[in-house]
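Enquirer: Handing over target_3.txt, compact mmCIF, C-alpha atoms.
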```
# COMPACT_ATOMS: atom_id res chain seq x y z
CA MET A 893 13.34 -0.04 3.97
CA THR A 894 14.73 -3.56 3.71
CA ALA A 895 18.16 -4.71 4.79
CA ASP A 896 19.09 -5.09 1.10
CA ALA A 897 18.12 -1.49 0.22
CA VAL A 898 19.96 0.83 2.59
CA PRO A 899 21.49 4.28 2.11
CA PRO A 900 25.27 4.63 1.81
CA GLN A 901 27.20 4.23 5.05
CA SER A 902 28.45 7.82 4.87
CA ALA A 903 24.86 9.13 4.91
CA ARG A 904 23.96 7.43 8.20
CA SER A 905 24.58 8.34 11.82
CA ALA A 906 26.22 5.99 14.31
CA PRO A 907 22.84 4.91 15.79
CA ASP A 908 21.53 4.28 12.26
CA ARG A 909 24.47 1.99 11.54
CA LEU A 910 23.96 0.11 14.79
CA LEU A 911 20.28 -0.41 14.02
CA ALA A 912 21.17 -1.48 10.47
CA VAL A 913 23.17 -4.36 11.93
CA LEU A 914 20.17 -5.54 13.92
CA ALA A 915 17.84 -5.02 10.95
CA ALA A 916 20.03 -7.36 8.89
CA PHE A 917 18.37 -10.23 10.78
CA ASP A 918 14.84 -11.30 9.92
CA HIS A 919 12.76 -14.48 9.74
CA ASP A 920 14.41 -15.47 6.46
CA HIS A 921 17.89 -14.62 7.75
CA PRO A 922 18.06 -15.64 11.45
CA ALA A 923 21.74 -16.58 11.27
CA LEU A 924 24.36 -14.47 9.49
CA SER A 925 28.10 -14.41 9.06
CA LEU A 926 29.98 -11.16 9.57
CA THR A 927 30.25 -10.80 5.78
CA ASP A 928 26.49 -11.29 5.43
CA ILE A 929 25.81 -8.66 8.09
CA SER A 930 28.16 -6.23 6.38
CA ARG A 931 26.42 -6.70 3.03
CA ARG A 932 22.85 -6.63 4.29
CA ALA A 933 23.49 -3.62 6.53
CA GLY A 934 25.34 -1.72 3.80
CA LEU A 935 28.44 -1.29 5.95
CA THR A 936 32.12 -1.84 5.39
CA LEU A 937 33.47 -5.03 6.89
CA THR A 938 35.54 -3.03 9.38
CA THR A 939 32.55 -1.03 10.61
CA ALA A 940 30.37 -4.13 10.77
CA HIS A 941 33.03 -5.95 12.78
CA ARG A 942 33.23 -3.11 15.31
CA LEU A 943 29.46 -2.80 15.73
CA VAL A 944 28.88 -6.55 15.87
CA GLY A 945 31.53 -6.76 18.58
CA ALA A 946 29.81 -4.08 20.65
CA LEU A 947 26.41 -5.69 20.24
CA SER A 948 27.81 -9.10 21.14
CA ASP A 949 29.48 -7.74 24.29
CA TRP A 950 26.13 -6.25 25.35
CA GLY A 951 24.24 -9.46 24.57
CA ALA A 952 22.18 -8.28 21.61
CA LEU A 953 23.99 -10.76 19.34
CA GLU A 954 25.45 -14.18 20.03
CA ARG A 955 28.15 -16.01 18.06
CA ASP A 956 27.98 -19.79 17.75
CA ALA A 957 30.85 -22.27 17.43
CA SER A 958 30.87 -21.97 13.65
CA GLY A 959 31.31 -18.20 13.81
CA VAL A 960 27.76 -17.37 12.72
CA TYR A 961 25.80 -14.69 14.57
CA HIS A 962 22.26 -14.94 15.97
CA VAL A 963 20.01 -12.50 17.82
CA GLY A 964 20.88 -12.62 21.52
CA LEU A 965 18.69 -13.19 24.56
CA ARG A 966 19.30 -9.64 25.81
CA LEU A 967 17.02 -8.35 23.04
CA TRP A 968 14.30 -10.79 24.13
CA GLU A 969 14.57 -9.45 27.69
CA ILE A 970 14.12 -5.89 26.44
CA ALA A 971 11.30 -6.83 24.05
CA ALA A 972 9.46 -8.57 26.89
CA LEU A 973 8.95 -5.15 28.49
CA SER A 974 6.74 -4.03 25.60
CA PRO A 975 3.08 -3.71 26.70
CA ARG A 976 2.10 -5.08 23.27
CA GLY A 977 4.50 -8.01 23.49
CA LEU A 978 5.07 -10.60 26.18
CA ALA A 979 2.84 -8.90 28.77
CA LEU A 980 -0.13 -8.92 26.39
CA ARG A 981 0.58 -12.52 25.39
CA GLN A 982 0.62 -13.65 29.02
CA ILE A 983 -2.69 -11.98 29.78
CA ALA A 984 -4.31 -13.28 26.60
CA LEU A 985 -3.02 -16.86 26.67
CA PRO A 986 -5.73 -18.42 28.90
CA TYR A 987 -8.44 -17.02 26.61
CA LEU A 988 -6.58 -18.14 23.50
CA GLU A 989 -6.32 -21.64 24.97
CA ASP A 990 -10.05 -21.64 25.67
CA LEU A 991 -10.71 -20.62 22.08
CA TYR A 992 -8.46 -23.41 20.87
CA GLU A 993 -10.25 -25.97 23.03
CA ALA A 994 -13.56 -24.79 21.60
CA THR A 995 -12.42 -25.07 17.97
CA HIS A 996 -9.18 -27.12 17.77
CA GLU A 997 -8.19 -24.79 14.95
CA ASN A 998 -5.40 -22.22 14.53
CA VAL A 999 -5.77 -19.41 17.06
CA GLN A 1000 -3.90 -16.13 16.64
CA LEU A 1001 -3.26 -12.90 18.54
CA ALA A 1002 -1.92 -9.89 16.64
CA VAL A 1003 -1.22 -6.17 16.96
CA ARG A 1004 -0.88 -3.39 14.39
CA ASP A 1005 2.47 -1.87 13.48
CA GLY A 1006 1.91 0.86 10.91
CA SER A 1007 0.35 -0.69 7.82
CA GLU A 1008 1.06 -4.26 8.90
CA VAL A 1009 -0.29 -6.78 11.35
CA VAL A 1010 2.28 -8.49 13.58
CA TYR A 1011 1.48 -11.88 15.12
CA ILE A 1012 2.53 -12.09 18.77
CA GLU A 1013 0.97 -15.44 19.69
CA TRP A 1014 -0.21 -18.49 17.78
CA ILE A 1015 -1.66 -21.84 18.82
CA SER A 1016 -1.62 -24.39 16.03
CA GLY A 1017 -4.60 -26.67 15.54
CA ARG A 1018 -3.90 -30.41 15.51
CA SER A 1019 -5.60 -30.99 12.16
CA ALA A 1020 -6.09 -27.40 11.09
CA VAL A 1021 -5.60 -25.70 7.78
CA GLY A 1022 -2.05 -24.59 7.10
CA VAL A 1023 -1.30 -20.90 7.65
CA HIS A 1024 1.63 -18.79 6.52
CA ILE A 1025 2.38 -17.21 9.88
CA ARG A 1026 4.65 -17.55 12.86
CA ILE A 1027 5.22 -15.39 15.90
CA GLY A 1028 6.70 -12.13 14.67
CA ALA A 1029 5.38 -12.59 11.12
CA ARG A 1030 3.93 -9.57 9.33
CA TRP A 1031 1.16 -9.26 6.74
CA PRO A 1032 -0.64 -6.29 5.17
CA LEU A 1033 -3.65 -5.28 7.25
CA HIS A 1034 -6.25 -5.72 4.50
CA ALA A 1035 -5.37 -9.36 3.75
CA THR A 1036 -6.08 -10.97 7.14
CA GLY A 1037 -8.95 -11.18 9.59
CA VAL A 1038 -6.95 -9.73 12.47
CA GLY A 1039 -5.67 -6.99 10.17
CA LEU A 1040 -9.18 -6.01 9.11
CA ALA A 1041 -10.33 -5.97 12.75
CA LEU A 1042 -7.46 -3.65 13.63
CA LEU A 1043 -7.72 -1.37 10.59
CA ALA A 1044 -11.49 -0.98 11.00
CA HIS A 1045 -10.93 0.65 14.39
CA CYS A 1046 -8.14 3.00 13.35
CA GLU A 1047 -8.77 6.71 12.96
CA SER A 1048 -10.42 7.61 9.66
CA GLY A 1049 -7.27 9.39 8.47
CA VAL A 1050 -5.22 6.23 8.99
CA GLN A 1051 -7.79 4.19 7.07
CA GLU A 1052 -7.86 6.64 4.17
CA ALA A 1053 -4.08 6.75 3.97
CA TYR A 1054 -4.03 2.96 3.87
CA CYS A 1055 -6.69 2.80 1.15
CA ALA A 1056 -4.71 5.32 -0.91
CA GLU A 1057 -1.74 2.94 -1.13
CA PRO A 1058 -1.58 -0.07 -3.49
CA LEU A 1059 -3.28 -3.09 -1.93
CA ALA A 1060 -1.13 -6.20 -2.31
CA SER A 1061 -2.83 -9.26 -3.78
CA PHE A 1062 -2.13 -12.86 -2.74
CA THR A 1063 -5.08 -14.73 -4.26
CA PRO A 1064 -7.90 -13.81 -6.66
CA HIS A 1065 -10.01 -13.15 -3.54
CA THR A 1066 -7.71 -10.60 -1.89
CA ILE A 1067 -9.34 -7.18 -1.50
CA THR A 1068 -7.53 -4.83 -3.88
CA ASP A 1069 -10.23 -2.21 -4.50
CA PRO A 1070 -10.19 0.70 -2.00
CA ALA A 1071 -13.95 1.18 -2.21
CA ALA A 1072 -14.52 -2.50 -1.44
CA LEU A 1073 -12.10 -2.29 1.48
CA ARG A 1074 -13.97 0.69 2.91
CA ARG A 1075 -17.21 -1.28 2.74
CA VAL A 1076 -15.62 -4.24 4.50
CA LEU A 1077 -14.24 -2.02 7.26
CA ALA A 1078 -17.64 -0.44 7.79
CA GLU A 1079 -19.18 -3.90 8.13
CA VAL A 1080 -16.51 -4.92 10.64
CA ARG A 1081 -17.35 -1.89 12.78
CA ARG A 1082 -21.06 -2.64 12.51
CA SER A 1083 -20.86 -6.36 13.30
CA GLY A 1084 -17.91 -6.35 15.69
CA VAL A 1085 -16.13 -9.14 13.79
CA ALA A 1086 -14.05 -9.49 10.63
CA VAL A 1087 -14.44 -12.46 8.30
CA SER A 1088 -11.59 -12.89 5.83
CA SER A 1089 -12.08 -15.65 3.26
CA ARG A 1090 -9.32 -16.97 0.96
CA GLN A 1091 -7.41 -13.69 1.00
CA VAL A 1092 -3.94 -15.11 1.73
CA THR A 1093 -4.47 -18.73 0.68
CA ASP A 1094 -7.30 -20.32 -1.30
CA ASP A 1095 -8.20 -22.77 1.46
CA ALA A 1096 -8.49 -20.67 4.63
CA LEU A 1097 -11.10 -18.53 6.33
CA SER A 1098 -10.44 -16.32 9.34
CA VAL A 1099 -12.86 -14.91 11.90
CA ALA A 1100 -11.39 -12.12 14.05
CA ALA A 1101 -12.54 -9.71 16.75
CA PRO A 1102 -10.90 -6.62 18.27
CA VAL A 1103 -9.34 -6.57 21.73
CA ARG A 1104 -9.70 -3.35 23.72
CA GLY A 1105 -7.41 -1.90 26.34
CA ALA A 1106 -8.36 -0.20 29.60
CA GLY A 1107 -9.21 3.05 27.84
CA GLY A 1108 -11.46 1.37 25.30
CA SER A 1109 -9.19 1.72 22.28
CA VAL A 1110 -8.44 -1.35 20.18
CA VAL A 1111 -4.97 -2.65 21.04
CA ALA A 1112 -4.98 -6.11 19.44
CA ALA A 1113 -7.12 -8.64 17.60
CA VAL A 1114 -7.78 -12.34 18.13
CA SER A 1115 -8.78 -14.79 15.43
CA VAL A 1116 -9.39 -18.41 14.53
CA VAL A 1117 -8.40 -19.75 11.09
CA VAL A 1118 -10.28 -22.72 9.66
CA PRO A 1119 -10.53 -24.58 6.34
CA GLU A 1120 -12.72 -22.51 4.05
CA ARG A 1121 -14.47 -25.47 2.46
CA ASP A 1122 -16.32 -26.49 5.64
CA ALA A 1123 -16.15 -23.35 7.78
CA GLN A 1124 -18.98 -23.01 10.28
CA THR A 1125 -18.71 -19.24 10.45
CA PRO A 1126 -21.91 -18.55 12.47
CA ALA A 1127 -20.68 -20.94 15.18
CA LEU A 1128 -17.18 -19.43 15.24
CA ILE A 1129 -18.26 -15.81 15.67
CA PRO A 1130 -19.55 -16.13 19.28
CA ALA A 1131 -16.44 -18.07 20.34
CA VAL A 1132 -14.06 -15.47 18.89
CA ARG A 1133 -16.09 -12.60 20.37
CA LEU A 1134 -16.02 -14.27 23.78
CA ALA A 1135 -12.23 -14.67 23.66
CA ALA A 1136 -11.73 -11.05 22.59
CA ARG A 1137 -14.08 -9.82 25.31
CA GLY A 1138 -12.31 -11.89 27.96
CA ILE A 1139 -8.88 -10.54 26.99
CA SER A 1140 -10.27 -7.00 26.92
CA ARG A 1141 -11.68 -7.34 30.44
CA ALA A 1142 -8.38 -8.79 31.66
CA LEU A 1143 -6.67 -5.69 30.25
CA GLY A 1144 -8.98 -3.48 32.28
CA TRP A 1145 -11.68 -2.66 29.73
CA GLN A 1146 -15.11 -2.01 31.18
CA PRO A 1147 -17.90 -2.11 28.57
CA GLU A 1148 -20.57 0.52 28.81
CA PRO A 1149 -23.84 -0.76 30.36
CA SER A 1150 -26.30 -1.74 27.66
```
Once more with this new file: its structure as structure tokens, please.
Expert:
Amino acid sequence: MTADAVPPQSARSAPDRLLAVLAAFDHDHPALSLTDISRRAGLTLTTAHRLVGALSDWGALERDASGVYHVGLRLWEIAALSPRGLALRQIALPYLEDLYEATHENVQLAVRDGSEVVYIEWISGRSAVGVHIRIGARWPLHATGVGLALLAHCESGVQEAYCAEPLASFTPHTITDPAALRRVLAEVRRSGVAVSSRQVTDDALSVAAPVRGAGGSVVAAVSVVVPERDAQTPALIPAVRLAARGISRALGWQPEPS
């Protein structure tokens, strides 16, 4: 549910109202006035003022000199405790930097959150193709390389539930047919990599590989995004696999002896 489509204030509990204030902020709305927060959270101005005050006292929100509110550093401190957040980024960063040095293209690290992929690290190539992501950005799983790598290793029930929902389209090349998506996911599992071509923009190709945690389950995905017109996909695959394997080992994964 978006911040602009919330249930009436009377239908929500106190924690729901508090979370609605935080949910009013997003990448398109990083700075909000009290009136904006009230509207986007679906709260009366009085209730919004009280909750914003409490959150500001705790450090979850900060108010600048102009009276506009921003997300506070206290939330960053809490978020850093997430095993899929800062800790994973710190472990993965040396391998992401190696992948960047090998390609000089956009390098990404992402995790799954429900039916979306969330980018938690990104290294921008100096002369790389433009990408529509930033840290914290979300995209549907089927439309990105990292998303396909993550979805392919979900439980079959999760995959079927995803395929049963409408598949958003961004270009003429975006996968929108459930049967085609199932075939792509099967190929990802077989090959160990996901190749996503022109699914979000007409000029980009992504090669992604899954990252495994200590128990062997897929916890993240790493990718490189290059211009589609001159992509050297066969050369990119080993580099991406190597980065994913390195991160996995650093997380404690021990591959079975071949």
Enquirer: Mind listing whatever residues come within 8 Å of the point (-3.6, -13.3, -2.1)? Use all atoms listed in the file, file coordinates, and give them as a PyMOL selection string.
Expert: chain A and resi 1035+1060-1066+1090-1094
Enquirer: Please measure the separation of CA of Leu980 (chain A) and CA of Gln1146 (chain A), giving the value in Å to one decimal.
Expert: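 So the two atoms, CA of Leu980 (chain A) and CA of Gln1146 (chain A), lie 17.2 Å apart.
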Enquirer: Using only C-alpha atoms, which residues sit within 6 Å of region 919-924 of chain A once same-chain residues fewer than 3 positions away are excluded, as JSON, numbers by chain?
Expert: {"A": [928, 960, 961, 962]}
Enquirer: Can you tell me, as JSON, numbers by chain, what residues are no more than 8 Å from Pro1032 (chain A) when counting only C-alpha atoms, ignoring any on the same chain fewer than 2 positions away?
Expert: {"A": [1007, 1008, 1009, 1030, 1034, 1035, 1036, 1039, 1060]}
Enquirer: Those same residues - C-alpha atoms - I'd like them written as an mmCIF file, in the frame of the given file.
Expert:
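In the end it all went to selection_20.cif:
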```
data_model
loop_
_atom_site.group_PDB
_atom_site.id
_atom_site.type_symbol
_atom_site.label_atom_id
_atom_site.label_comp_id
_atom_site.auth_asym_id
_atom_site.auth_seq_id
_atom_site.Cartn_x
_atom_site.Cartn_y
_atom_site.Cartn_z
ATOM 1 C CA SER A 1007 0.350 -0.690 7.820
ATOM 2 C CA GLU A 1008 1.060 -4.260 8.900
ATOM 3 C CA VAL A 1009 -0.290 -6.780 11.350
ATOM 4 C CA ARG A 1030 3.930 -9.570 9.330
ATOM 5 C CA HIS A 1034 -6.250 -5.720 4.500
ATOM 6 C CA ALA A 1035 -5.370 -9.360 3.750
ATOM 7 C CA THR A 1036 -6.080 -10.970 7.140
ATOM 8 C CA GLY A 1039 -5.670 -6.990 10.170
ATOM 9 C CA ALA A 1060 -1.130 -6.200 -2.310
#
```
Enquirer: Looking at A:Val999, A:Arg1082, A:Leu978, A:Leu914, which one is nearest to Leu947 (chain A), with distances taken over only C-alpha atoms?
Expert: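 Nearest to Leu947 (chain A): A:Leu914.
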Enquirer: List as a PyMOL selection string the protein and nucleic acid residues near Ala1002 (chain A), meaning an atom at most 7 Å away when all atoms listed in the file are counted, but skip any in the same chain fewer than 4 places from it.
Expert: chain A and resi 1009-1013+1038+1112-1114
Enquirer: Between A:Leu1134, A:Leu1097, A:Arg909, A:Arg1104, which is the closest to Arg1121 (chain A) once you count all atoms listed in the file?
Expert: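 For Arg1121 (chain A), the nearest of the given residues is A:Leu1097.
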Enquirer: Calculate how many Å separate CA of Gly1144 (chain A) from CA of Leu1001 (chain A), rounding to one decimal.
Expert: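 These atoms are spaced 17.6 Å apart.
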Enquirer: Give me, as a list in words, all polymer residues having an atom no more than 10 Å from Val944 (chain A), counting only C-alpha atoms and skipping those fewer than 5 positions away in the same chain.
Expert: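 Selected residues are Leu910, Val913, Leu914, Leu926, Ile929, Ser930, Thr938, Thr939, Asp949, Trp950, Ala952, Leu953, Glu954, Arg955 and Tyr961 of chain A.
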Enquirer: Nearest to Ala1086 (chain A) among A:Cys1055, A:Ala1044, A:Val1118, A:Ile1067, with distances taken over only C-alpha atoms: which residue is it?
Expert: A:Ala1044
Enquirer: Could you tell me how far CA of Arg1074 (chain A) sits from CA of Gly1049 (chain A), in Å to one decimal place?
Expert: 12.3 Å
Enquirer: Using only C-alpha atoms, which of A:Pro1147, A:Pro1058, A:Gly1138, A:Pro1130 sits nearest Ser1109 (chain A)?
Expert: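 Checking each of A:Pro1147, A:Pro1058, A:Gly1138, A:Pro1130 against Ser1109 (chain A), counting only C-alpha atoms, the winner is A:Pro1147.
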Enquirer: Can you pull out every residue within 10 Å of Leu1043 (chain A), counting only C-alpha atoms, but drop anything in the same chain fewer than 4 positions away, and send it as a list in words?
Expert: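 Result of the neighbour search: Arg1004, Gly1006, Ser1007, Glu1008, Val1009, Leu1033, His1034, Gly1037, Val1038, Gly1039, Glu1047, Ser1048, Val1050, Gln1051, Tyr1054, Leu1077, Val1080, Arg1081, Pro1102 and Val1110 of chain A.
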Enquirer: Can you work out which one of A:Leu1128, A:Ala906, A:Ala940, A:Val1103 has the shortest atom-to-atom distance to Ile983 (chain A), counting all atoms listed in the file?
Expert: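 Counting all atoms listed in the file, the residue closest to Ile983 (chain A) is A:Val1103.
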Enquirer: Output as JSON the centre and edge lengths (Å, one decimal) of the box along x, y and z of the file that holds every listed atom of region 1070-1087 of chain A after adding 4 Å on each side.
Expert:
```
{"center_x": -15.6, "center_y": -5.6, "center_z": 6.7, "size_x": 18.9, "size_y": 21.6, "size_z": 25.9}
```
